[in-house]
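What follows is the content of run_22.cif, which has mmCIF, C-alpha atoms and all ligand atoms:
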```cif
data_protein
loop_
_atom_site.label_atom_id
_atom_site.label_comp_id
_atom_site.auth_asym_id
_atom_site.auth_seq_id
_atom_site.Cartn_x
_atom_site.Cartn_y
_atom_site.Cartn_z
CA MET A 1 66.37 17.89 81.08
CA GLN A 2 68.39 19.52 78.36
CA ARG A 3 66.78 20.03 74.98
CA ASP A 4 68.48 20.69 71.67
CA ASP A 5 66.50 22.56 69.04
CA LEU A 6 65.78 20.17 66.19
CA VAL A 7 64.98 21.33 62.69
CA PHE A 8 62.98 19.17 60.29
CA ALA A 9 64.07 18.96 56.66
CA GLY A 10 60.79 18.03 55.01
CA TYR A 11 59.43 17.66 51.51
CA CYS A 12 55.81 17.53 50.41
CA ASP A 13 55.49 14.21 48.60
CA TRP A 14 53.08 12.81 46.02
CA ALA A 15 50.60 11.97 48.79
CA GLY A 16 50.60 15.67 49.72
CA LEU A 17 52.20 14.87 53.08
CA VAL A 18 55.38 16.35 54.50
CA ARG A 19 57.97 13.76 55.41
CA GLY A 20 61.69 13.99 56.13
CA LYS A 21 64.26 14.00 58.92
CA ALA A 22 65.24 16.31 61.75
CA PHE A 23 68.75 17.48 62.62
CA PRO A 24 70.23 19.68 65.39
CA ALA A 25 69.71 23.38 64.68
CA ALA A 26 73.44 23.93 65.24
CA ASP A 27 74.10 22.00 62.00
CA ILE A 28 71.94 24.20 59.78
CA ALA A 29 74.75 25.66 57.68
CA ALA A 30 76.15 22.21 56.89
CA ARG A 31 72.69 20.72 56.26
CA LEU A 32 71.72 23.46 53.83
CA LYS A 33 74.67 22.30 51.74
CA ARG A 34 74.47 18.57 52.33
CA GLY A 35 70.77 18.00 52.92
CA VAL A 36 69.44 14.77 54.42
CA GLY A 37 69.37 11.39 52.73
CA LEU A 38 66.43 9.36 51.48
CA THR A 39 65.74 6.72 48.88
CA HIS A 40 63.75 6.77 45.63
CA SER A 41 60.96 4.56 46.97
CA ASN A 42 60.17 7.18 49.63
CA ILE A 43 58.10 9.01 47.01
CA MET A 44 55.96 5.86 46.68
CA MET A 45 54.86 6.00 50.32
CA SER A 46 51.07 5.91 50.21
CA CYS A 47 49.05 8.42 52.19
CA PHE A 48 48.09 5.54 54.50
CA GLY A 49 51.73 4.74 55.24
CA PRO A 50 52.80 1.54 53.48
CA ILE A 51 54.60 1.50 50.16
CA MET A 52 52.02 -0.40 48.09
CA THR A 53 54.04 -0.59 44.90
CA THR A 54 57.36 0.81 43.72
CA PRO A 55 59.35 0.64 40.51
CA PHE A 56 62.43 1.80 42.42
CA GLY A 57 62.85 -1.13 44.80
CA THR A 58 65.24 -0.93 47.71
CA THR A 59 68.22 0.65 45.99
CA GLY A 60 69.42 4.18 45.42
CA ASP A 61 70.04 7.35 47.37
CA LEU A 62 68.71 10.87 47.06
CA ILE A 63 69.15 14.15 48.90
CA ALA A 64 66.36 16.24 50.37
CA ARG A 65 68.01 19.65 50.30
CA PRO A 66 66.34 22.28 52.50
CA ASP A 67 65.58 25.54 50.69
CA PRO A 68 66.45 28.59 52.84
CA ALA A 69 63.61 30.41 51.05
CA ALA A 70 61.12 27.89 52.49
CA HIS A 71 62.05 28.06 56.15
CA VAL A 72 59.54 28.12 59.02
CA ALA A 73 60.34 28.98 62.65
CA VAL A 74 57.20 29.58 64.68
CA PRO A 75 57.45 29.50 68.48
CA PHE A 76 54.51 28.57 70.71
CA ASP A 77 53.64 29.56 74.30
CA ASP A 78 54.36 26.06 75.62
CA GLY A 79 58.06 26.33 74.69
CA THR A 80 57.68 24.18 71.57
CA ALA A 81 58.11 25.45 68.03
CA GLU A 82 57.45 24.52 64.43
CA ARG A 83 60.92 24.50 62.95
CA PHE A 84 61.13 23.10 59.46
CA TYR A 85 62.32 23.65 55.92
CA LEU A 86 60.74 22.52 52.69
CA SER A 87 63.26 20.77 50.49
CA ASP A 88 64.10 19.84 46.92
CA LEU A 89 64.67 16.21 46.04
CA GLN A 90 67.99 15.87 44.27
CA ASN A 91 70.21 13.13 42.92
CA THR A 92 73.43 12.64 44.86
CA ASP A 93 75.23 14.83 42.26
CA GLY A 94 72.92 17.72 43.17
CA SER A 95 70.81 17.65 40.00
CA PRO A 96 67.00 17.67 40.37
CA TRP A 97 65.44 14.21 40.71
CA GLU A 98 62.88 13.58 37.96
CA CYS A 99 60.13 12.84 40.52
CA CYS A 100 60.74 15.94 42.68
CA PRO A 101 57.41 17.78 43.12
CA ARG A 102 59.03 21.20 43.51
CA ASP A 103 61.05 20.63 40.36
CA PHE A 104 57.84 19.65 38.53
CA LEU A 105 56.42 23.06 39.42
CA ARG A 106 59.68 24.89 38.69
CA ARG A 107 59.81 23.46 35.18
CA ALA A 108 56.23 24.58 34.57
CA ILE A 109 57.10 28.08 35.79
CA THR A 110 60.08 28.15 33.41
CA ALA A 111 57.84 27.06 30.52
CA LEU A 112 55.44 29.91 31.34
CA SER A 113 58.30 32.40 31.56
CA ALA A 114 59.00 31.77 27.85
CA PHE A 115 55.79 33.77 27.28
CA GLY A 116 57.06 36.58 29.49
CA LEU A 117 54.52 35.67 32.18
CA THR A 118 54.37 34.66 35.82
CA LEU A 119 51.41 33.28 37.72
CA HIS A 120 50.35 34.79 41.04
CA VAL A 121 48.53 32.32 43.23
CA SER A 122 46.72 32.06 46.51
CA PHE A 123 45.47 28.82 48.09
CA GLU A 124 42.31 28.91 50.26
CA GLN A 125 41.81 25.98 52.60
CA GLU A 126 38.61 24.64 54.13
CA PHE A 127 38.87 22.27 57.08
CA VAL A 128 37.03 20.86 60.07
CA TYR A 129 38.24 21.91 63.53
CA THR A 130 37.53 19.22 66.12
CA GLY A 131 37.85 21.59 69.08
CA ILE A 132 34.30 22.90 68.74
CA GLU A 133 30.94 21.37 69.53
CA ASP A 134 28.75 20.70 66.53
CA ARG A 135 25.71 22.92 67.11
CA PRO A 136 22.81 23.55 64.77
CA GLY A 137 22.63 27.04 63.32
CA SER A 138 26.37 27.65 63.48
CA THR A 139 26.85 28.05 59.72
CA TYR A 140 28.96 31.19 59.17
CA ALA A 141 27.92 32.22 62.69
CA LEU A 142 29.60 34.62 65.07
CA ASP A 143 28.79 32.02 67.71
CA ALA A 144 30.87 29.40 65.84
CA PHE A 145 33.66 31.92 65.48
CA ARG A 146 33.52 32.60 69.24
CA ARG A 147 33.41 28.95 70.26
CA GLN A 148 36.48 27.94 68.28
CA ASP A 149 38.10 29.93 71.10
CA VAL A 150 41.78 30.84 70.59
CA PHE A 151 42.38 28.53 67.62
CA GLY A 152 41.77 31.18 64.92
CA GLU A 153 43.97 33.76 66.60
CA ALA A 154 46.73 31.26 67.31
CA LEU A 155 46.53 30.16 63.69
CA THR A 156 46.69 33.62 62.16
CA GLY A 157 49.45 34.45 64.67
CA ALA A 158 51.43 31.43 63.45
CA PHE A 159 50.75 32.41 59.83
CA SER A 160 52.02 35.93 60.50
CA ALA A 161 55.15 34.58 62.23
CA ALA A 162 55.76 32.39 59.16
CA GLY A 163 55.24 35.38 56.82
CA LEU A 164 52.10 33.93 55.24
CA GLY A 165 50.01 37.11 55.22
CA PRO A 166 46.75 35.81 56.74
CA ASP A 167 43.82 37.34 54.89
CA SER A 168 40.72 35.93 56.59
CA PHE A 169 39.51 33.20 58.93
CA LEU A 170 35.85 32.23 58.83
CA PRO A 171 33.28 29.75 60.03
CA GLU A 172 32.15 27.83 56.93
CA TYR A 173 28.99 26.07 55.84
CA GLY A 174 29.69 22.54 57.11
CA ARG A 175 29.59 21.07 60.59
CA ARG A 176 32.57 22.43 62.58
CA GLN A 177 33.98 23.66 59.26
CA PHE A 178 36.22 26.72 58.91
CA GLU A 179 38.28 28.31 56.18
CA VAL A 180 41.51 30.28 56.11
CA THR A 181 42.85 32.40 53.27
CA ILE A 182 46.28 33.91 52.68
CA ALA A 183 47.83 36.52 50.40
CA ALA A 184 48.80 35.75 46.78
CA GLU A 185 52.43 35.15 45.82
CA PRO A 186 54.32 33.99 42.72
CA ALA A 187 53.64 30.30 42.05
CA LEU A 188 56.54 28.50 43.77
CA ARG A 189 56.24 30.54 46.92
CA ALA A 190 52.46 30.14 46.85
CA ALA A 191 52.78 26.35 46.72
CA ASP A 192 55.33 26.42 49.55
CA ARG A 193 52.90 28.52 51.53
CA ALA A 194 50.04 26.15 50.86
CA VAL A 195 52.15 23.37 52.36
CA ILE A 196 53.25 25.54 55.29
CA ALA A 197 49.64 26.62 55.91
CA ARG A 198 48.48 23.00 56.13
CA GLU A 199 51.26 22.13 58.56
CA LEU A 200 50.52 25.15 60.74
CA LEU A 201 46.81 24.29 60.72
CA ARG A 202 47.74 20.83 62.04
CA GLY A 203 50.44 22.19 64.35
CA VAL A 204 48.25 24.79 66.04
CA ALA A 205 45.30 22.42 66.44
CA PHE A 206 47.65 19.77 67.88
CA ARG A 207 48.95 22.17 70.54
CA LEU A 208 45.38 22.87 71.58
CA GLY A 209 44.67 19.14 71.87
CA HIS A 210 42.55 18.95 68.73
CA ARG A 211 42.79 18.35 64.99
CA ALA A 212 42.34 20.39 61.87
CA ILE A 213 40.99 17.81 59.41
CA LEU A 214 41.61 18.86 55.82
CA ALA A 215 40.40 15.65 54.11
CA PRO A 216 38.09 16.32 51.13
CA MET A 217 35.04 14.66 52.73
CA LEU A 218 34.62 13.55 56.33
CA GLU A 219 31.46 11.58 55.64
CA GLU A 220 29.62 10.42 52.57
CA GLY A 221 27.02 13.02 51.61
CA GLY A 222 28.61 15.62 53.90
CA VAL A 223 30.06 19.01 53.11
CA GLY A 224 33.39 18.97 51.27
CA ASN A 225 36.64 20.64 52.26
CA GLY A 226 37.87 22.36 49.12
CA THR A 227 41.27 23.82 48.37
CA HIS A 228 40.53 26.73 46.07
CA ILE A 229 43.41 28.03 43.97
CA HIS A 230 43.18 31.68 42.87
CA MET A 231 45.30 32.55 39.85
CA SER A 232 46.22 35.63 37.86
CA LEU A 233 48.84 36.19 35.15
CA TRP A 234 51.38 38.97 35.44
CA GLU A 235 54.05 40.48 33.24
CA GLY A 236 56.62 41.78 35.71
CA GLU A 237 54.75 44.10 38.06
CA THR A 238 51.73 44.38 35.76
CA PRO A 239 48.64 42.18 36.10
CA ILE A 240 47.49 41.21 32.58
CA THR A 241 44.50 38.91 33.16
CA TYR A 242 41.74 41.53 33.16
CA ASP A 243 39.97 43.14 30.23
CA PRO A 244 36.38 44.15 30.99
CA ALA A 245 35.62 44.35 27.27
CA ARG A 246 36.33 40.64 26.66
CA PRO A 247 34.18 37.56 27.43
CA TYR A 248 34.40 36.62 31.12
CA GLY A 249 36.54 39.76 31.62
CA VAL A 250 39.61 37.70 30.64
CA SER A 251 42.14 39.53 28.45
CA ALA A 252 43.08 38.31 24.97
CA ARG A 253 46.59 37.56 26.24
CA ALA A 254 45.45 35.49 29.23
CA ALA A 255 42.52 33.68 27.58
CA PRO A 256 44.61 30.94 25.87
CA PHE A 257 46.21 30.04 29.21
CA PHE A 258 42.85 29.41 30.85
CA ALA A 259 41.51 27.69 27.71
CA GLY A 260 44.45 25.28 28.02
CA VAL A 261 43.56 24.56 31.63
CA LEU A 262 39.94 23.86 30.64
CA GLU A 263 41.04 21.48 27.88
CA HIS A 264 43.39 19.49 30.12
CA MET A 265 41.24 19.65 33.23
CA PRO A 266 40.44 15.90 33.37
CA ALA A 267 44.18 15.14 33.44
CA ILE A 268 44.89 17.93 35.94
CA THR A 269 42.26 16.42 38.24
CA ALA A 270 44.52 13.36 38.72
CA PHE A 271 46.90 15.74 40.53
CA SER A 272 44.51 18.26 42.09
CA ALA A 273 41.85 15.84 43.40
CA PRO A 274 44.02 12.76 43.85
CA SER A 275 42.20 10.67 46.47
CA VAL A 276 39.30 8.27 46.18
CA ALA A 277 37.30 10.48 48.57
CA SER A 278 37.99 13.56 46.41
CA TYR A 279 35.24 12.36 44.07
CA TYR A 280 32.59 12.23 46.79
CA ARG A 281 33.14 15.99 47.01
CA LEU A 282 32.95 16.61 43.24
CA THR A 283 29.25 15.73 43.08
CA PRO A 284 26.15 17.86 42.41
CA GLY A 285 24.68 20.08 45.10
CA ARG A 286 27.87 20.62 47.05
CA TRP A 287 29.10 23.99 45.72
CA ALA A 288 31.91 22.00 44.18
CA PRO A 289 32.39 21.53 40.42
CA VAL A 290 31.19 18.61 38.32
CA THR A 291 32.05 19.92 34.84
CA ALA A 292 35.19 21.45 33.36
CA ASN A 293 33.59 24.87 32.98
CA LEU A 294 34.39 28.54 33.42
CA ALA A 295 31.71 30.87 34.74
CA VAL A 296 31.51 34.36 36.16
CA GLN A 297 31.00 34.46 39.93
CA ASP A 298 29.62 30.90 40.03
CA ARG A 299 30.71 28.86 43.04
CA GLY A 300 29.57 25.69 41.32
CA ALA A 301 32.01 26.13 38.43
CA ALA A 302 35.41 24.48 38.01
CA PHE A 303 36.78 27.93 37.26
CA ARG A 304 35.06 30.83 38.92
CA VAL A 305 35.80 34.32 37.71
CA SER A 306 36.14 36.07 41.07
CA PRO A 307 34.34 39.37 41.64
CA ILE A 308 35.88 42.84 41.58
CA PHE A 309 34.89 45.10 44.44
CA ALA A 310 34.46 48.70 43.35
CA THR A 311 34.96 49.85 46.93
CA ALA A 312 38.35 48.17 47.34
CA GLU A 313 41.44 50.34 47.21
CA GLU A 314 43.19 47.96 44.85
CA PRO A 315 42.65 48.66 41.13
CA ALA A 316 40.36 46.19 39.34
CA ALA A 317 43.19 44.59 37.36
CA ARG A 318 45.04 43.74 40.59
CA GLN A 319 41.97 42.19 42.16
CA PHE A 320 40.94 40.15 39.14
CA ASN A 321 41.64 36.43 39.38
CA LEU A 322 40.21 33.06 38.42
CA GLU A 323 39.50 30.53 41.13
CA PHE A 324 40.19 26.87 40.35
CA ARG A 325 37.87 24.80 42.55
CA VAL A 326 38.73 21.23 41.53
CA ALA A 327 41.36 20.75 44.25
CA ASP A 328 41.53 19.46 47.80
CA ALA A 329 44.11 18.89 50.51
CA ALA A 330 44.97 15.37 49.36
CA CYS A 331 46.87 17.09 46.56
CA CYS A 332 50.53 17.92 46.51
CA PRO A 333 50.34 21.68 45.78
CA TYR A 334 53.46 21.54 43.58
CA LEU A 335 51.96 18.86 41.36
CA ALA A 336 48.51 20.47 41.18
CA LEU A 337 49.88 23.92 40.38
CA GLY A 338 52.56 22.57 38.04
CA ALA A 339 49.89 20.68 36.08
CA LEU A 340 47.68 23.79 35.91
CA ILE A 341 50.57 25.88 34.59
CA GLN A 342 51.68 23.26 32.06
CA ALA A 343 48.11 23.02 30.77
CA GLY A 344 48.01 26.81 30.52
CA VAL A 345 51.32 26.85 28.66
CA ASP A 346 49.88 24.35 26.17
CA GLY A 347 46.92 26.70 25.68
CA LEU A 348 49.28 29.64 25.07
CA THR A 349 51.41 27.58 22.66
CA ARG A 350 48.37 26.55 20.60
CA ASN A 351 46.62 29.90 21.09
CA LEU A 352 43.43 28.18 22.26
CA ALA A 353 40.21 30.17 22.62
CA LEU A 354 37.90 30.14 25.64
CA PRO A 355 34.57 28.40 25.05
CA ALA A 356 31.51 30.55 24.41
CA PRO A 357 29.65 31.20 27.69
CA ASP A 358 26.72 28.99 26.61
CA ALA A 359 28.86 26.12 25.23
CA PRO A 360 28.27 22.75 26.96
CA ALA A 361 31.17 21.68 29.20
CA ALA A 362 32.64 18.20 29.54
CA LEU A 363 32.04 16.25 32.73
CA LEU A 364 34.93 16.05 35.16
CA PRO A 365 36.20 12.56 36.04
CA ARG A 366 33.78 10.94 38.50
CA THR A 367 36.34 8.71 40.19
CA LEU A 368 40.09 8.70 40.77
CA GLN A 369 40.36 5.81 38.27
CA GLU A 370 38.70 7.98 35.61
CA ALA A 371 41.07 10.85 36.41
CA LEU A 372 44.11 8.55 36.15
CA ALA A 373 42.82 7.20 32.84
CA ALA A 374 42.39 10.81 31.61
CA LEU A 375 45.95 11.61 32.67
CA GLU A 376 47.28 8.57 30.84
CA ALA A 377 45.21 9.33 27.74
CA ASP A 378 46.21 13.01 27.51
CA LYS A 379 49.33 12.88 25.36
CA ALA A 380 50.27 16.51 26.05
CA THR A 381 51.06 15.54 29.64
CA ALA A 382 54.10 13.54 28.47
CA ARG A 383 55.91 16.89 28.34
CA TRP A 384 55.13 17.68 31.96
CA TRP A 385 57.69 15.23 33.37
CA SER A 386 59.59 12.06 32.49
CA ALA A 387 57.97 8.77 31.44
CA THR A 388 59.51 7.16 34.53
CA ALA A 389 57.84 9.72 36.80
CA MET A 390 54.50 9.41 34.98
CA HIS A 391 54.44 5.61 35.18
CA ALA A 392 55.43 5.71 38.83
CA TYR A 393 52.70 8.27 39.65
CA LEU A 394 50.02 6.26 37.82
CA ALA A 395 51.11 3.08 39.64
CA PHE A 396 51.24 4.95 42.96
CA LYS A 397 47.69 6.26 42.69
CA SER A 398 46.28 3.06 41.13
CA ALA A 399 47.59 1.10 44.12
CA GLU A 400 45.80 3.55 46.43
CA VAL A 401 42.54 2.96 44.55
CA ALA A 402 43.01 -0.84 44.69
CA SER A 403 43.75 -0.75 48.43
CA LEU A 404 40.29 0.70 49.11
CA ALA A 405 38.34 -1.49 46.70
CA ASP A 406 36.52 -3.46 49.40
CA LEU A 407 35.58 -0.51 51.61
CA SER A 408 32.31 1.41 51.71
CA PRO A 409 32.33 5.14 50.90
CA SER A 410 31.90 6.02 54.57
CA ASP A 411 34.85 3.80 55.56
CA ILE A 412 36.90 5.38 52.76
CA CYS A 413 36.06 8.88 54.04
CA ALA A 414 37.12 7.79 57.53
CA ARG A 415 40.44 6.41 56.23
CA TYR A 416 41.31 9.72 54.57
CA ALA A 417 40.02 11.77 57.49
CA ALA A 418 42.45 9.90 59.75
CA VAL A 419 45.35 10.97 57.49
CA TYR A 420 44.58 14.44 56.19
N1 LIG B 1 32.92 23.55 50.47
C1 LIG B 1 32.88 23.82 49.06
C2 LIG B 1 33.93 22.97 48.35
O1 LIG B 1 34.05 21.84 48.69
C3 LIG B 1 33.08 25.29 48.74
C4 LIG B 1 32.16 26.25 49.45
C5 LIG B 1 32.56 27.70 49.15
O2 LIG B 1 32.27 28.19 48.05
O3 LIG B 1 33.23 28.30 49.98
O4 LIG B 1 34.64 23.39 47.49
MG MG B 2 34.79 28.40 51.22
#
```

Could you express the structure from this file as structure tokens?
Amino acid sequence: MQRDDLVFAGYCDWAGLVRGKAFPAADIAARLKRGVGLTHSNIMMSCFGPIMTTPFGTTGDLIARPDPAAHVAVPFDDGTAERFYLSDLQNTDGSPWECCPRDFLRRAITALSAFGLTLHVSFEQEFVYTGIEDRPGSTYALDAFRRQDVFGEALTGAFSAAGLGPDSFLPEYGRRQFEVTIAAEPALRAADRAVIARELLRGVAFRLGHRAILAPMLEEGGVGNGTHIHMSLWEGETPITYDPARPYGVSARAAPFFAGVLEHMPAITAFSAPSVASYYRLTPGRWAPVTANLAVQDRGAAFRVSPIFATAEEPAARQFNLEFRVADAACCPYLALGALIQAGVDGLTRNLALPAPDAPAALLPRTLQEALAALEADKATARWWSATAMHAYLAFKSAEVASLADLSPSDICARYAAVY
């Protein structure tokens, strides 16, 4: 049997899933120029598969153009490999398509650059690994670490091969739950890496005959899988977020950015926690946020000011970051991070102040419908992308909500767990 190497030109869509087409590896040079074809309604593909609604109909052509800077080639012992690119969605004339998630993030990064700033970001991912027996007492346990067998090492090996800079792998609090963290990078690369990390989690588990389930909640009342997004602002090579003399330790220059994120957090949630099941996670008692608040070293806050370790070799200013905890793996990282940055840019533009530490915080949306209503009501978000894209996104997510209307929360968790 002869095998040709196939390379997948993928894009992470609004459902947070990577879709695309494969082509022979021998054609890479041509495909980097020409891309692969798709149609506008592809972006309306629900996470469950069917296109539930689309303003684009059956007409039109687009290009998914692989980005050589987002290339993955990770071989496995069994002779298979993960070979894929992440791509930009472009019109046939090569201009960015208004619904392209990577372009959404790129435009946010450009808006932030007008303030002379870049955002460094790291995504942490919690997940359930099915290749381990659920045993009592295994929370954070060495025994749970041991019994996941070679998965953790194969995963960090794949991350290293993909240049992801694995930072830690740990047994988490929930049943069969683990977490993996990677090094921080500038925003676009960080979002690419979040997507690559998810695919490698799935790809390594698959080769071992199991699944890494990233869905926000596997069962009603269970332990959530969060995607925590660590952020710090930089000017060139200099981190500028930290000032120990200021409230929360956040510098005067960085404070308006994070104040903007706090103000727009209900709208951001429509991108960062974009599934119906996301809101079973964002409930009290789950170490997940319920209000749009900022707090120092509080794992129940929407924004947690991360600690600085005096013993670490890195200077305090390089360690200092804020952790956004209102996200999960149903999100498209480009949309979630783009929305965070645009909200921060609005805060910088209006020179917003952070709330006083004892000020009451607004509740986060309690359902996806509430988050979509907050996105629609927040007029500042009209600048984040086109009206066409906004209407399409609202219709896309509203159709997802409607499709689950008759199901119980536990059935809804199961539907998402089958996908993510
Ligand atoms: N599992 C929690 C969440 O859903 C987070 C627990 C932790 O702080 O690591 O976000
Ligand atoms: Mg965790």

Show which residues sit within 9 Å of His391 of chain A, as a PyMOL selection string. Count all atoms listed in the file, and ignore same-chain residues fewer than 4 positions away.
chain A and resi 55+376+386-387+395-396

Check the smallest atom-to-atom distance from each of A:Gly131, A:Gly152, A:Pro186, A:Pro289 to Gly226 of chain A using all atoms listed in the file, then report the winner.
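Among A:Gly131, A:Gly152, A:Pro186, A:Pro289, it is A:Pro289 that comes nearest to Gly226 of chain A.
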
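Minimum atom-to-atom distance to Gln125 of chain A, evaluated using all atoms listed in the file, belongs to A:Ala329 out of A:Ala329, A:Glu237, A:Phe23, A:Lys33.
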
List every residue of chain A that has an atom at most 10 Å from any atom of ligand MG 2 (chain B), giving for each one its closest atom pair and the distance in Å to one decimal, counting all atoms listed in the file, sorted by chain and then by ascending residue number, as a Markdown table.
```
| residue | atom | partner | partner_atom | distance |
| --- | --- | --- | --- | --- |
| A:Glu124 | CA | B:MG2 | MG | 7.6 |
| A:Gln125 | CA | B:MG2 | MG | 7.6 |
| A:Glu126 | CA | B:MG2 | MG | 6.1 |
| A:Phe127 | CA | B:MG2 | MG | 9.4 |
| A:Leu170 | CA | B:MG2 | MG | 8.6 |
| A:Pro171 | CA | B:MG2 | MG | 9.0 |
| A:Glu172 | CA | B:MG2 | MG | 6.3 |
| A:Tyr173 | CA | B:MG2 | MG | 7.8 |
| A:Gly174 | CA | B:MG2 | MG | 9.7 |
| A:Gln177 | CA | B:MG2 | MG | 9.4 |
| A:Phe178 | CA | B:MG2 | MG | 8.0 |
| A:Glu179 | CA | B:MG2 | MG | 6.1 |
| A:Val180 | CA | B:MG2 | MG | 8.5 |
| A:Thr181 | CA | B:MG2 | MG | 9.2 |
| A:Gly224 | CA | B:MG2 | MG | 9.5 |
| A:Asn225 | CA | B:MG2 | MG | 8.0 |
| A:Gly226 | CA | B:MG2 | MG | 7.1 |
| A:Thr227 | CA | B:MG2 | MG | 8.4 |
| A:His228 | CA | B:MG2 | MG | 7.9 |
| A:Trp287 | CA | B:MG2 | MG | 9.1 |
| A:Ala288 | CA | B:MG2 | MG | 9.9 |
| A:Arg299 | CA | B:MG2 | MG | 9.2 |
| A:Arg325 | CA | B:MG2 | MG | 9.9 |
```

Give me the residues within 8 Å of segment 254-268 of chain A as a PyMOL selection string, counting all atoms listed in the file and dropping any in the same chain fewer than 5 places off.
chain A and resi 233+240-241+292-294+336+339-341+343-348+350-355+364-365+371-372+374-376+378+381

Please produce a file of the residues just selected, as a compact mmCIF listing (two decimals), in the frame of the given file, where the atoms kept are C-alpha atoms.
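Written output follows (out.txt):
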```txt
# COMPACT_ATOMS: atom_id res chain seq x y z
CA LEU A 233 48.84 36.19 35.15
CA ILE A 240 47.49 41.21 32.58
CA THR A 241 44.50 38.91 33.16
CA ALA A 292 35.19 21.45 33.36
CA ASN A 293 33.59 24.87 32.98
CA LEU A 294 34.39 28.54 33.42
CA ALA A 336 48.51 20.47 41.18
CA ALA A 339 49.89 20.68 36.08
CA LEU A 340 47.68 23.79 35.91
CA ILE A 341 50.57 25.88 34.59
CA ALA A 343 48.11 23.02 30.77
CA GLY A 344 48.01 26.81 30.52
CA VAL A 345 51.32 26.85 28.66
CA ASP A 346 49.88 24.35 26.17
CA GLY A 347 46.92 26.70 25.68
CA LEU A 348 49.28 29.64 25.07
CA ARG A 350 48.37 26.55 20.60
CA ASN A 351 46.62 29.90 21.09
CA LEU A 352 43.43 28.18 22.26
CA ALA A 353 40.21 30.17 22.62
CA LEU A 354 37.90 30.14 25.64
CA PRO A 355 34.57 28.40 25.05
CA LEU A 364 34.93 16.05 35.16
CA PRO A 365 36.20 12.56 36.04
CA ALA A 371 41.07 10.85 36.41
CA LEU A 372 44.11 8.55 36.15
CA ALA A 374 42.39 10.81 31.61
CA LEU A 375 45.95 11.61 32.67
CA GLU A 376 47.28 8.57 30.84
CA ASP A 378 46.21 13.01 27.51
CA THR A 381 51.06 15.54 29.64
```

In Å, with one decimal, what is the gap from atom CA of Leu188 of chain A to atom CA of Leu105 of chain A?
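Computed distance, atom CA of Leu188 of chain A to atom CA of Leu105 of chain A, equals 7.0 Å.
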
Residues within 9 Å of Cys47 of chain A, please, as a PDB file with C-alpha atoms, in the frame of the given file. Count only C-alpha atoms; anything in the same chain fewer than 2 positions from it doesn't count.
```
ATOM      1  CA  TRP A  14      53.080  12.810  46.020  1.00  0.00           C
ATOM      2  CA  ALA A  15      50.600  11.970  48.790  1.00  0.00           C
ATOM      3  CA  GLY A  16      50.600  15.670  49.720  1.00  0.00           C
ATOM      4  CA  LEU A  17      52.200  14.870  53.080  1.00  0.00           C
ATOM      5  CA  MET A  45      54.860   6.000  50.320  1.00  0.00           C
ATOM      6  CA  GLY A  49      51.730   4.740  55.240  1.00  0.00           C
ATOM      7  CA  PRO A  50      52.800   1.540  53.480  1.00  0.00           C
ATOM      8  CA  ALA A 330      44.970  15.370  49.360  1.00  0.00           C
ATOM      9  CA  GLU A 400      45.800   3.550  46.430  1.00  0.00           C
ATOM     10  CA  TYR A 416      41.310   9.720  54.570  1.00  0.00           C
ATOM     11  CA  VAL A 419      45.350  10.970  57.490  1.00  0.00           C
ATOM     12  CA  TYR A 420      44.580  14.440  56.190  1.00  0.00           C
TER      13      TYR A 420
END
```

Hey, which of A:Met231, A:Leu89, A:Val290, A:Ala197 ends up closest to ligand LIG 1 (chain B)? Count all atoms listed in the file.
A:Val290

Distance in Å - atom CA of Thr349 of chain A versus atom CA of Asp192 of chain A:
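About the pair atom CA of Thr349 of chain A and atom CA of Asp192 of chain A: they are 27.2 Å apart.
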